[in-house]
$ cat entry01.txt   # compact mmCIF, C-alpha atoms
# COMPACT_ATOMS: atom_id res chain seq x y z
CA MET A 1 146.40 99.01 112.24
CA LYS A 2 148.66 101.23 110.13
CA ARG A 3 151.09 98.34 109.67
CA LEU A 4 148.44 96.04 108.25
CA PRO A 5 148.86 97.03 104.55
CA LEU A 6 152.65 96.64 104.89
CA VAL A 7 152.31 93.22 106.52
CA LEU A 8 149.87 92.13 103.81
CA LEU A 9 152.25 93.36 101.12
CA LEU A 10 155.14 91.42 102.65
CA ILE A 11 153.07 88.25 102.91
CA LEU A 12 151.77 88.49 99.37
CA SER A 13 154.91 89.70 97.59
CA PRO A 14 156.56 86.23 97.26
CA LEU A 15 153.35 84.95 95.64
CA VAL A 16 153.28 87.85 93.21
CA LEU A 17 156.95 87.56 92.36
CA ARG A 18 156.60 83.85 91.74
CA ALA A 19 153.57 84.28 89.49
CA GLY A 20 154.80 87.28 87.54
CA MET A 21 152.49 90.21 86.84
CA PRO A 22 149.05 89.51 88.32
CA ARG A 23 145.97 89.75 86.12
CA ILE A 24 143.74 92.66 87.17
CA THR A 25 140.12 91.67 87.77
CA TRP A 26 136.96 93.52 88.58
CA GLY A 27 133.37 92.55 89.05
CA LEU A 28 129.87 93.03 90.35
CA GLU A 29 128.15 91.01 93.03
CA TRP A 30 124.62 91.05 94.36
CA GLY A 31 122.77 88.80 96.70
CA TYR A 32 120.31 87.95 99.40
CA THR A 33 121.26 88.01 103.07
CA ALA A 34 119.24 86.19 105.73
CA THR A 35 120.15 87.56 109.14
CA ILE A 36 119.18 84.99 111.75
CA LEU A 37 120.90 85.94 115.01
CA LYS A 38 121.46 89.23 116.79
CA THR A 39 123.37 89.36 120.08
CA SER A 40 124.08 92.51 122.08
CA GLN A 41 126.11 93.51 125.10
CA HIS A 42 124.90 96.68 126.82
CA ASN A 43 126.37 98.24 129.96
CA PHE A 44 125.06 101.72 130.75
CA VAL A 45 123.72 104.04 133.43
CA CYS A 46 120.04 104.77 132.91
CA ASP A 47 118.19 108.03 133.57
CA GLU A 48 117.21 106.92 137.10
CA GLY A 49 120.89 106.59 137.97
CA TYR A 50 121.38 102.84 138.26
CA ARG A 51 123.51 100.66 136.03
CA ILE A 52 121.95 98.22 133.57
CA ILE A 53 123.92 95.30 132.21
CA GLU A 54 122.09 93.23 129.65
CA ASN A 55 123.07 90.71 126.96
CA PRO A 56 119.97 90.17 124.82
CA VAL A 57 119.95 87.36 122.26
CA SER A 58 117.44 87.58 119.45
CA TRP A 59 116.85 84.72 117.00
CA ARG A 60 114.92 86.51 114.30
CA TYR A 61 114.89 85.91 110.58
CA PHE A 62 115.40 89.11 108.68
CA SER A 63 115.85 89.49 104.92
CA ASN A 64 118.40 91.85 103.45
CA GLY A 65 120.30 92.39 100.25
CA SER A 66 123.70 93.46 99.07
CA VAL A 67 125.14 95.08 95.96
CA LEU A 68 128.92 95.18 95.73
CA ALA A 69 131.59 96.16 93.25
CA CYS A 70 135.10 94.78 93.41
CA ALA A 71 138.55 95.30 91.98
CA GLY A 72 141.53 93.07 92.56
CA ALA A 73 144.03 90.72 91.02
CA ASP A 74 144.64 87.03 90.35
CA ILE A 75 147.85 86.96 92.35
CA THR A 76 148.47 83.33 91.43
CA GLU A 77 146.71 80.87 89.16
CA HIS A 78 144.59 79.74 92.12
CA ILE A 79 144.25 82.82 94.37
CA ASN A 80 142.38 86.03 93.78
CA LEU A 81 142.53 88.97 96.17
CA SER A 82 139.98 91.75 95.72
CA ALA A 83 138.71 94.85 97.49
CA TYR A 84 134.92 95.18 97.76
CA THR A 85 132.61 98.07 98.41
CA GLY A 86 128.94 98.85 97.84
CA LEU A 87 125.78 98.77 99.88
CA GLN A 88 124.81 96.02 102.27
CA GLY A 89 121.79 95.45 104.50
CA VAL A 90 122.58 94.09 107.93
CA TYR A 91 119.31 94.30 109.85
CA SER A 92 116.10 96.31 109.96
CA ARG A 93 117.03 99.83 108.81
CA ARG A 94 120.71 98.92 109.06
CA TRP A 95 122.43 99.70 105.79
CA VAL A 96 126.21 99.86 105.70
CA VAL A 97 128.90 100.60 103.15
CA PRO A 98 131.55 97.87 103.48
CA ALA A 99 135.23 98.26 102.63
CA MET A 100 136.39 94.70 102.53
CA LEU A 101 139.27 92.53 101.36
CA ARG A 102 138.34 89.08 100.18
CA MET A 103 140.41 86.12 99.06
CA LYS A 104 139.19 83.34 96.78
CA TRP A 105 141.07 80.10 96.50
CA SER A 106 140.23 77.82 93.61
CA PRO A 107 141.92 74.38 93.63
CA ALA A 108 140.96 73.87 89.97
CA GLY A 109 142.32 77.25 88.91
CA LEU A 110 140.57 80.58 88.61
CA ARG A 111 140.02 80.20 84.87
CA SER A 112 138.18 76.89 85.09
CA ASP A 113 134.86 75.67 86.45
CA GLY A 114 135.01 74.48 90.03
CA PHE A 115 134.49 75.07 93.70
CA MET A 116 136.31 77.81 95.58
CA LEU A 117 136.86 78.75 99.19
CA VAL A 118 136.08 82.34 100.06
CA ALA A 119 137.16 84.35 103.11
CA GLY A 120 137.32 88.04 103.82
CA GLY A 121 136.81 90.87 106.19
CA GLY A 122 136.85 94.60 106.58
CA LEU A 123 135.17 97.69 107.91
CA THR A 124 131.55 98.76 107.56
CA PHE A 125 130.58 102.42 107.46
CA PRO A 126 127.12 103.57 108.52
CA THR A 127 124.63 105.12 106.13
CA THR A 128 121.78 106.39 108.28
CA VAL A 129 120.98 105.49 111.87
CA LEU A 130 124.33 104.07 112.91
CA ARG A 131 127.00 106.35 114.23
CA GLU A 132 130.04 104.13 114.55
CA THR A 133 132.18 102.20 112.13
CA GLY A 134 131.70 98.45 112.40
CA MET A 135 133.52 95.35 111.23
CA GLU A 136 132.59 92.37 109.11
CA THR A 137 134.09 88.99 108.39
CA GLN A 138 132.80 86.32 106.06
CA ALA A 139 133.71 82.82 104.97
CA GLY A 140 132.13 80.28 102.67
CA VAL A 141 132.18 78.44 99.41
CA ALA A 142 131.56 79.41 95.81
CA TYR A 143 131.16 77.67 92.49
CA ARG A 144 132.78 79.31 89.50
CA ILE A 145 131.48 78.92 85.96
CA ALA A 146 134.09 80.20 83.50
CA LEU A 147 131.93 81.47 80.62
CA ILE A 148 134.62 82.77 78.30
CA ARG A 149 138.14 84.05 78.76
CA GLY A 150 137.83 87.14 80.93
CA LEU A 151 134.25 86.51 82.07
CA SER A 152 133.12 84.18 84.82
CA LEU A 153 130.06 83.72 86.98
CA ASP A 154 130.32 82.83 90.68
CA LEU A 155 127.55 81.41 92.85
CA LEU A 156 128.47 82.13 96.47
CA LEU A 157 127.27 80.86 99.82
CA THR A 158 128.89 82.63 102.78
CA TRP A 159 128.42 83.07 106.50
CA ASN A 160 128.62 86.75 107.48
CA PHE A 161 129.51 88.01 110.93
CA THR A 162 129.04 91.74 111.48
CA LEU A 163 130.15 93.60 114.58
CA ASP A 164 128.13 96.73 115.05
CA TRP A 165 126.85 99.28 117.55
CA GLU A 166 123.27 100.30 118.11
CA ASN A 167 121.45 103.11 119.87
CA ILE A 168 120.43 101.99 123.36
CA THR A 169 116.99 103.04 124.56
CA ASP A 170 116.56 104.04 128.21
CA PRO A 171 113.83 101.80 129.72
CA ASP A 172 112.41 104.70 131.77
CA THR A 173 112.43 107.65 129.40
CA ARG A 174 112.31 105.69 126.09
CA GLN A 175 115.00 108.10 124.86
CA TRP A 176 118.41 107.14 123.49
CA VAL A 177 121.05 106.86 126.17
CA PRO A 178 123.83 109.49 125.69
CA ARG A 179 127.29 108.17 124.88
CA SER A 180 128.74 109.54 128.13
CA LYS A 181 126.59 107.07 130.11
CA ILE A 182 127.53 103.98 128.07
CA THR A 183 130.37 101.73 129.25
CA ASN A 184 129.90 98.91 126.75
CA ASN A 185 127.78 98.75 123.62
CA SER A 186 128.27 96.14 120.95
CA THR A 187 125.98 94.14 118.70
CA GLU A 188 126.77 91.17 116.52
CA TYR A 189 124.73 89.97 113.56
CA GLN A 190 125.11 86.52 112.04
CA ALA A 191 123.75 85.94 108.58
CA LEU A 192 123.72 83.54 105.65
CA ASN A 193 124.39 85.13 102.29
CA LEU A 194 123.56 83.83 98.80
CA SER A 195 125.15 85.84 96.03
CA ILE A 196 125.81 85.88 92.32
CA ALA A 197 128.94 87.56 91.00
CA LEU A 198 130.11 88.47 87.53
CA ASN A 199 133.87 88.72 87.20
CA PHE A 200 135.69 90.36 84.32
CA MET B 201 95.66 88.91 101.36
CA GLN B 202 98.07 86.36 102.84
CA ARG B 203 95.75 83.58 101.67
CA VAL B 204 95.65 84.95 98.12
CA LEU B 205 99.45 85.20 98.09
CA THR B 206 99.79 81.63 99.36
CA ARG B 207 97.41 80.34 96.68
CA LEU B 208 99.19 82.26 93.95
CA PHE B 209 102.54 80.90 95.12
CA ALA B 210 101.13 77.34 95.21
CA LEU B 211 99.79 77.82 91.68
CA TRP B 212 103.16 79.10 90.47
CA LEU B 213 104.93 76.19 92.20
CA LEU B 214 102.61 73.70 90.47
CA ALA B 215 103.21 75.39 87.12
CA ALA B 216 106.95 75.47 87.78
CA LEU B 217 106.96 71.71 88.37
CA CYS B 218 105.02 71.05 85.15
CA LEU B 219 106.77 73.58 82.90
CA PRO B 220 110.31 72.14 82.75
CA ALA B 221 109.10 69.44 80.37
CA ALA B 222 108.44 72.12 77.75
CA ALA B 223 111.11 74.58 78.79
CA GLN B 224 114.44 74.87 77.02
CA GLU B 225 116.10 76.98 79.68
CA ALA B 226 115.37 77.99 83.26
CA GLY B 227 117.05 80.62 85.31
CA PHE B 228 117.26 83.20 88.08
CA LEU B 229 116.15 86.71 87.28
CA ASN B 230 117.97 89.51 89.11
CA SER B 231 116.91 93.12 89.00
CA PRO B 232 116.47 96.18 91.21
CA LYS B 233 112.76 95.35 90.79
CA GLY B 234 113.22 92.06 92.61
CA PHE B 235 114.25 88.51 91.93
CA GLY B 236 112.54 85.51 90.51
CA ALA B 237 112.48 82.50 88.26
CA GLN B 238 112.18 82.42 84.50
CA TYR B 239 111.33 79.61 82.12
CA ARG B 240 112.18 79.97 78.47
CA PHE B 241 110.31 77.72 76.10
CA THR B 242 111.69 76.05 73.02
CA GLU B 243 112.35 78.42 70.14
CA SER B 244 110.54 77.85 66.88
CA ASP B 245 110.77 79.99 63.69
CA GLY B 246 112.46 82.84 65.52
CA VAL B 247 109.79 82.97 68.22
CA PHE B 248 109.98 81.81 71.81
CA HIS B 249 107.95 82.32 74.98
CA THR B 250 109.01 83.22 78.50
CA ALA B 251 107.18 82.70 81.79
CA THR B 252 108.45 84.72 84.75
CA ALA B 253 107.57 84.81 88.43
CA LEU B 254 109.02 87.85 90.17
CA ILE B 255 109.22 88.61 93.89
CA ASP B 256 108.61 92.37 93.82
CA ILE B 257 110.82 94.07 96.43
CA TYR B 258 109.47 97.57 95.88
CA GLY B 259 109.71 99.49 99.19
CA ILE B 260 111.75 96.80 100.97
CA PRO B 261 115.34 98.02 100.32
CA THR B 262 114.30 101.42 101.67
CA SER B 263 112.63 99.76 104.71
CA ARG B 264 109.29 101.32 103.86
CA CYS B 265 107.45 98.02 103.91
CA SER B 266 108.24 94.60 105.24
CA SER B 267 106.70 92.03 102.90
CA PRO B 268 107.26 91.69 99.16
CA GLY B 269 104.73 91.51 96.37
CA ILE B 270 104.59 88.92 93.63
CA ARG B 271 103.87 89.20 89.92
CA PHE B 272 103.80 86.93 86.94
CA ASN B 273 104.50 87.59 83.31
CA PHE B 274 104.04 85.58 80.15
CA SER B 275 105.62 86.99 76.98
CA ARG B 276 105.98 86.09 73.34
CA GLN B 277 109.41 87.09 72.09
CA TYR B 278 110.44 87.67 68.48
CA ILE B 279 114.09 87.27 67.59
CA PHE B 280 115.07 90.04 65.19
CA LYS B 281 118.86 89.76 65.09
CA GLN B 282 121.49 87.14 65.80
CA LEU B 283 125.19 87.93 65.86
CA GLU B 284 128.33 86.09 66.79
CA SER B 285 131.65 87.51 67.89
CA ARG B 286 134.67 85.95 69.61
CA GLY B 287 132.78 82.84 70.63
CA VAL B 288 129.82 84.74 72.08
CA SER B 289 126.42 84.63 70.36
CA PHE B 290 124.11 87.62 70.76
CA THR B 291 120.38 87.09 70.28
CA LEU B 292 118.37 90.30 70.21
CA TYR B 293 114.65 89.95 70.79
CA ALA B 294 111.53 91.91 71.74
CA GLY B 295 107.89 91.11 72.26
CA PRO B 296 104.61 91.72 74.03
CA GLY B 297 103.19 89.96 77.06
CA LEU B 298 100.76 89.95 79.94
CA SER B 299 101.54 90.71 83.59
CA ALA B 300 99.46 90.20 86.73
CA GLY B 301 100.17 90.13 90.43
CA ILE B 302 99.78 91.57 93.89
CA VAL B 303 102.17 94.46 94.38
CA ARG B 304 102.54 97.85 96.04
CA ASP B 305 102.35 101.12 94.17
CA HIS B 306 101.52 104.76 94.81
CA ASP B 307 103.46 105.28 98.03
CA LYS B 308 104.02 108.72 99.46
CA GLY B 309 107.81 108.74 99.29
CA ARG B 310 110.41 107.86 96.70
CA TRP B 311 113.90 106.40 96.65
CA PHE B 312 115.74 106.45 99.98
CA ASP B 313 113.20 108.56 101.79
CA LEU B 314 113.16 106.65 105.07
CA THR B 315 110.78 108.96 106.89
CA SER B 316 107.68 108.30 104.80
CA LEU B 317 106.33 104.81 105.17
CA ILE B 318 104.79 103.09 102.22
CA SER B 319 101.16 102.21 102.89
CA GLU B 320 100.80 98.53 103.74
CA ASN B 321 98.18 98.41 101.05
CA PRO B 322 99.09 96.09 98.23
CA GLY B 323 96.76 95.80 95.28
CA PHE B 324 96.20 93.78 92.16
CA MET B 325 97.98 94.82 89.00
CA PHE B 326 97.09 93.80 85.46
CA ALA B 327 99.14 95.02 82.55
CA LEU B 328 100.20 94.60 78.97
CA SER B 329 103.95 94.31 78.92
CA GLY B 330 106.68 95.08 76.43
CA ASP B 331 109.96 93.24 76.68
CA ALA B 332 113.29 93.78 74.90
CA GLY B 333 116.57 92.10 75.58
CA CYS B 334 119.70 90.33 74.48
CA ARG B 335 120.72 86.79 75.26
CA PHE B 336 124.44 86.11 75.52
CA GLY B 337 125.32 82.51 74.64
CA PHE B 338 128.77 81.12 75.40
CA GLY B 339 128.37 77.64 73.98
CA ARG B 340 127.99 76.37 77.53
CA LYS B 341 125.12 75.09 79.66
CA VAL B 342 124.92 78.59 81.15
CA SER B 343 123.95 81.75 79.30
CA LEU B 344 123.16 85.30 80.37
CA ASP B 345 120.27 87.50 79.38
CA LEU B 346 119.94 91.25 79.80
CA SER B 347 116.45 92.65 79.30
CA PHE B 348 114.08 95.52 80.07
CA THR B 349 110.34 95.25 80.66
CA ALA B 350 107.68 97.96 80.75
CA ASP B 351 104.17 97.28 82.05
CA ALA B 352 101.26 99.45 80.95
CA GLY B 353 98.39 98.64 83.22
CA ILE B 354 96.19 99.31 86.20
CA HIS B 355 96.52 98.93 89.96
CA VAL B 356 93.41 98.10 91.97
CA ARG B 357 93.61 98.42 95.75
CA ARG B 358 91.67 99.29 98.87
CA ASN B 359 90.94 103.00 99.05
CA GLU B 360 93.23 104.46 101.72
CA ASP B 361 91.01 107.53 102.13
CA GLU B 362 87.94 105.43 102.96
CA PRO B 363 89.28 102.79 105.37
CA SER B 364 85.89 102.11 106.98
CA TYR B 365 84.26 101.18 103.67
CA ALA B 366 85.14 98.37 101.36
CA ALA B 367 85.86 100.96 98.68
CA THR B 368 88.41 100.33 95.96
CA SER B 369 90.52 102.73 94.01
CA LEU B 370 91.82 102.18 90.53
CA SER B 371 94.77 103.96 89.01
CA ILE B 372 97.55 103.57 86.50
CA TYR B 373 100.27 101.18 87.67
CA ASN B 374 103.04 103.76 88.06
CA ASN B 375 105.89 101.35 88.66
CA GLY B 376 105.17 99.64 85.36
CA PHE B 377 106.61 102.74 83.65
CA LEU B 378 109.02 103.98 86.33
CA GLN B 379 110.76 100.61 86.65
CA ALA B 380 111.04 100.07 82.90
CA ILE B 381 114.59 101.46 83.05
CA TYR B 382 115.64 98.86 85.64
CA PRO B 383 117.79 96.22 83.95
CA GLN B 384 117.01 92.54 84.43
CA LEU B 385 119.90 90.09 84.33
CA THR B 386 118.89 86.46 84.07
CA VAL B 387 121.28 83.57 84.53
CA LEU B 388 119.87 80.80 82.34
CA PHE B 389 120.65 77.09 82.57
CA LYS B 390 119.96 74.75 79.67
CA LEU B 391 117.49 71.99 80.53
CA GLN B 392 117.59 70.01 77.28
$ encode --input "entry01.txt" --output "structure tokens"
Amino acid sequence: MKRLPLVLLLILSPLVLRAGMPRITWGLEWGYTATILKTSQHNFVCDEGYRIIENPVSWRYFSNGSVLACAGADITEHINLSAYTGLQGVYSRRWVVPAMLRMKWSPAGLRSDGFMLVAGGGLTFPTTVLRETGMETQAGVAYRIALIRGLSLDLLLTWNFTLDWENITDPDTRQWVPRSKITNNSTEYQALNLSIALNF
Amino acid sequence: MQRVLTRLFALWLLAALCLPAAAQEAGFLNSPKGFGAQYRFTESDGVFHTATALIDIYGIPTSRCSSPGIRFNFSRQYIFKQLESRGVSFTLYAGPGLSAGIVRDHDKGRWFDLTSLISENPGFMFALSGDAGCRFGFGRKVSLDLSFTADAGIHVRRNEDEPSYAATSLSIYNNGFLQAIYPQLTVLFKLQ
């Protein structure tokens, strides 16, 4: 994990050297997230002393929102790499603070109108009920409208995959199961995100 | 209540389908208040009109209620200044309007207070509104608009203290003032 920034730097350095000094960019992004699928894997010992292994799948539509700020650079004429953070809703009473790296690739060039491919990922930090750091990846398309030099508007459509943990409830006592009795606990959320972004 | 909301939405949808013929621009409105659609009618003698339908998300980001409200606004806007700088035109405007809808107000908690649940008791709001904003034109099909709206009005809802009677309570629509500081950014697309 500690080598990741170094590896990224090595991968990106030829691009930067070829393009000269990258243009620094920053922006704001907000949007609507429709979470549609929640899958969980629980393996724990309940209060009665027997082991429960369950993999519930829940298809449920749940509306959320996100507000993000970003800072990054146009590392080439067609590729932008930015770091994002803000506040993001994942599920009912699941708000997280993401720390994410995202790449945008625009075949037409970042300073012109046109479609872009978007992909990114990073960590999510809990705000209230969650106790563990999660992970998020996203991929999708965007349409860029270059308003003036130094200001553009992006309309984004992405698929978000969030890996998370949740508090497991003991079926007998209706209390949360202590961590010492949990062997496996993971939850994945899949969501469709529609966002608008202003880039400066 | 669901039936009233459905009818209001159907009415707005019908109006939305008819309005583009007269509208100069249409767009998405984005704000901490909620999100919605806005139609901007053709400007004449420094005056134009806006029609807005807003999905009111009050209480939803803080998980205090699960369904949004809806409100509509119609405003008459007076342009009082137009500037141009570096290819961007700035149109400053302000004007009065009327707002109405079914929204929540008067909950027992504020901000990110997750322990107090908002009462699932939406009510009707009627208000006189005041709007002020600036439209940023870039000589493109797309323009941006930053505005603020205050609503001075009333909120009529079922009386929470008398649940067994069909009693109503009437009070000032608090959010009309409290949310006046929330900015509204509208992305407008030219229709004509």
$ residues_around --input "entry01.txt" --residues "region 155-168 of chain A" --least-positions-apart "4" --cutoff "6 Å" --atoms "all atoms listed in the file" --output "PyMOL selection string"
chain A and resi 134-143+176-177+186-196
$ closest_atom_pairs --input "entry01.txt" --of "chain B" --to "chain A" --cutoff "12 Å" --atoms "all atoms listed in the file" --output "CSV"
residue,atom,partner,partner_atom,distance
B:Phe228,CA,A:Ile196,CA,9.9
B:Leu229,CA,A:Ile196,CA,10.9
B:Asn230,CA,A:Trp30,CA,8.6
B:Ser231,CA,A:Trp30,CA,9.6
B:Pro232,CA,A:Val67,CA,9.9
B:Gly234,CA,A:Gly65,CA,10.4
B:Phe235,CA,A:Tyr32,CA,9.6
B:Ile257,CA,A:Gly65,CA,10.4
B:Ile260,CA,A:Asn64,CA,8.7
B:Pro261,CA,A:Gly65,CA,7.5
B:Thr262,CA,A:Arg93,CA,7.8
B:Ser263,CA,A:Arg93,CA,6.0
B:Arg264,CA,A:Arg93,CA,9.3
B:Cys265,CA,A:Ser92,CA,10.7
B:Ser266,CA,A:Ser63,CA,9.2
B:Ser267,CA,A:Ser63,CA,9.7
B:Pro268,CA,A:Ser63,CA,10.6
B:Ser285,CA,A:Ile148,CA,11.8
B:Arg286,CA,A:Ile148,CA,9.3
B:Gly287,CA,A:Ile148,CA,7.9
B:Val288,CA,A:Ile148,CA,8.1
B:Ser289,CA,A:Ile148,CA,11.6
B:Phe312,CA,A:Thr128,CA,10.3
B:Asp313,CA,A:Thr128,CA,11.0
B:Leu314,CA,A:Arg93,CA,8.7
B:Thr315,CA,A:Arg93,CA,11.2
B:Phe336,CA,A:Leu147,CA,10.2
B:Gly337,CA,A:Leu147,CA,9.0
B:Phe338,CA,A:Leu147,CA,6.1
B:Gly339,CA,A:Leu147,CA,8.5
B:Arg340,CA,A:Leu147,CA,7.1
B:Lys341,CA,A:Leu147,CA,9.4
B:Val342,CA,A:Leu147,CA,7.6
B:Ser343,CA,A:Leu147,CA,8.1
B:Leu344,CA,A:Leu147,CA,9.6
B:Leu385,CA,A:Ile196,CA,10.8
B:Thr386,CA,A:Ile196,CA,10.8
B:Val387,CA,A:Leu153,CA,9.1
B:Leu388,CA,A:Leu153,CA,11.6
B:Phe389,CA,A:Ile145,CA,11.5
$ closest_residue --input "entry01.txt" --among "A:Thr85, A:Asn184, A:Asn80, A:Gln41" --to "Gly121 (chain A)" --atoms "all atoms listed in the file"
A:Thr85
$ closest_residue --input "entry01.txt" --among "A:Trp59, A:Thr183, A:Phe44, A:Ile79" --to "Met116 (chain A)" --atoms "all atoms listed in the file"
A:Ile79
$ residues_around --input "entry01.txt" --residues "Asn199 (chain A)" --least-positions-apart "4" --cutoff "8 Å" --atoms "all atoms listed in the file" --output "VMD selection string"
chain A and resid 25 to 28 150 to 154
$ write_last_selection --input "entry01.txt" --atoms "C-alpha atoms" --output "tab-separated table (two decimals), in the frame of the given file"
chain	number	residue	atom	x	y	z
A	25	THR	CA	140.12	91.67	87.77
A	26	TRP	CA	136.96	93.52	88.58
A	27	GLY	CA	133.37	92.55	89.05
A	28	LEU	CA	129.87	93.03	90.35
A	150	GLY	CA	137.83	87.14	80.93
A	151	LEU	CA	134.25	86.51	82.07
A	152	SER	CA	133.12	84.18	84.82
A	153	LEU	CA	130.06	83.72	86.98
A	154	ASP	CA	130.32	82.83	90.68
$ residues_around --input "entry01.txt" --residues "Val45 (chain A)" --least-positions-apart "6" --cutoff "9 Å" --atoms "all atoms listed in the file" --output "list in words"
Arg51, Ile52, Ile53, Asp170, Val177, Lys181, Ile182 and Thr183 of chain A
$ atom_distance --input "entry01.txt" --atom1 "CA of Pro383 (chain B)" --atom2 "CA of Arg23 (chain A)"
29.0 Å
$ residues_near_point --input "entry01.txt" --point "(133.0, 96.1, 103.8)" --cutoff "6 Å" --atoms "all atoms listed in the file" --output "JSON, numbers by chain"
{"A": [85, 98, 99, 100, 122, 123, 124]}
$ atom_distance --input "entry01.txt" --atom1 "CA of Thr133 (chain A)" --atom2 "CA of Asp172 (chain A)"
28.0 Å
$ residues_around --input "entry01.txt" --residues "Gly323 (chain B)" --least-positions-apart "6" --cutoff "12 Å" --atoms "only C-alpha atoms" --output "list in words"
Met201, Val204, Leu205, Pro268, Gly269, Ile270, Arg271, Ala300, Gly301, Ile302, Val303, Arg304, Asp305, His306, Asp307, Ile354, His355, Val356, Arg357, Arg358, Asn359, Glu360, Thr368, Ser369, Leu370, Ser371, Ile372 and Tyr373 of chain B
$ closest_residue --input "entry01.txt" --among "A:Pro22, A:Arg174, A:Asn185, A:Arg102" --to "Cys46 (chain A)" --atoms "all atoms listed in the file"
A:Arg174
$ residues_around --input "entry01.txt" --residues "Ser275 (chain B)" --least-positions-apart "2" --cutoff "9 Å" --atoms "all atoms listed in the file" --output "list of chain:residue names"
B:Phe248, B:His249, B:Thr250, B:Ala251, B:Thr252, B:Asn273, B:Gln277, B:Gly295, B:Pro296, B:Gly297, B:Leu298, B:Ser299, B:Ser329, B:Gly330, B:Asp331
$ closest_residue --input "entry01.txt" --among "A:Leu198, A:Leu81, A:Ala69, A:Leu87" --to "Ser106 (chain A)" --atoms "only C-alpha atoms"
A:Leu81
$ atom_distance --input "entry01.txt" --atom1 "CA of Cys334 (chain B)" --atom2 "CA of Tyr84 (chain A)"
28.2 Å
$ build_atoms --input "entry01.txt" --residues "region 242-246 of chain B" --atoms "all heavy atoms" --output "compact mmCIF listing (two decimals), keeping the file's coordinate frame"
# COMPACT_ATOMS: atom_id res chain seq x y z
N THR B 242 110.94 76.40 74.23
CA THR B 242 111.69 76.05 73.02
C THR B 242 111.40 77.02 71.88
O THR B 242 110.25 77.34 71.61
CB THR B 242 111.33 74.61 72.59
OG1 THR B 242 111.45 73.78 73.73
CG2 THR B 242 112.24 74.11 71.49
N GLU B 243 112.48 77.46 71.24
CA GLU B 243 112.35 78.42 70.14
C GLU B 243 111.88 77.72 68.88
O GLU B 243 112.28 76.60 68.58
CB GLU B 243 113.72 79.07 69.92
CG GLU B 243 113.73 80.12 68.86
CD GLU B 243 115.14 80.42 68.40
OE1 GLU B 243 116.06 80.41 69.24
OE2 GLU B 243 115.32 80.64 67.19
N SER B 244 111.01 78.40 68.15
CA SER B 244 110.54 77.85 66.88
C SER B 244 110.30 79.00 65.90
O SER B 244 109.56 79.95 66.21
CB SER B 244 109.24 77.07 67.13
OG SER B 244 108.64 76.73 65.91
N ASP B 245 110.90 78.95 64.73
CA ASP B 245 110.77 79.99 63.69
C ASP B 245 111.05 81.38 64.21
O ASP B 245 110.32 82.34 63.94
CB ASP B 245 109.35 79.96 63.07
CG ASP B 245 109.08 78.65 62.36
OD1 ASP B 245 110.04 78.05 61.85
OD2 ASP B 245 107.91 78.21 62.34
N GLY B 246 112.08 81.53 65.01
CA GLY B 246 112.46 82.84 65.52
C GLY B 246 111.54 83.40 66.58
O GLY B 246 111.56 84.59 66.87
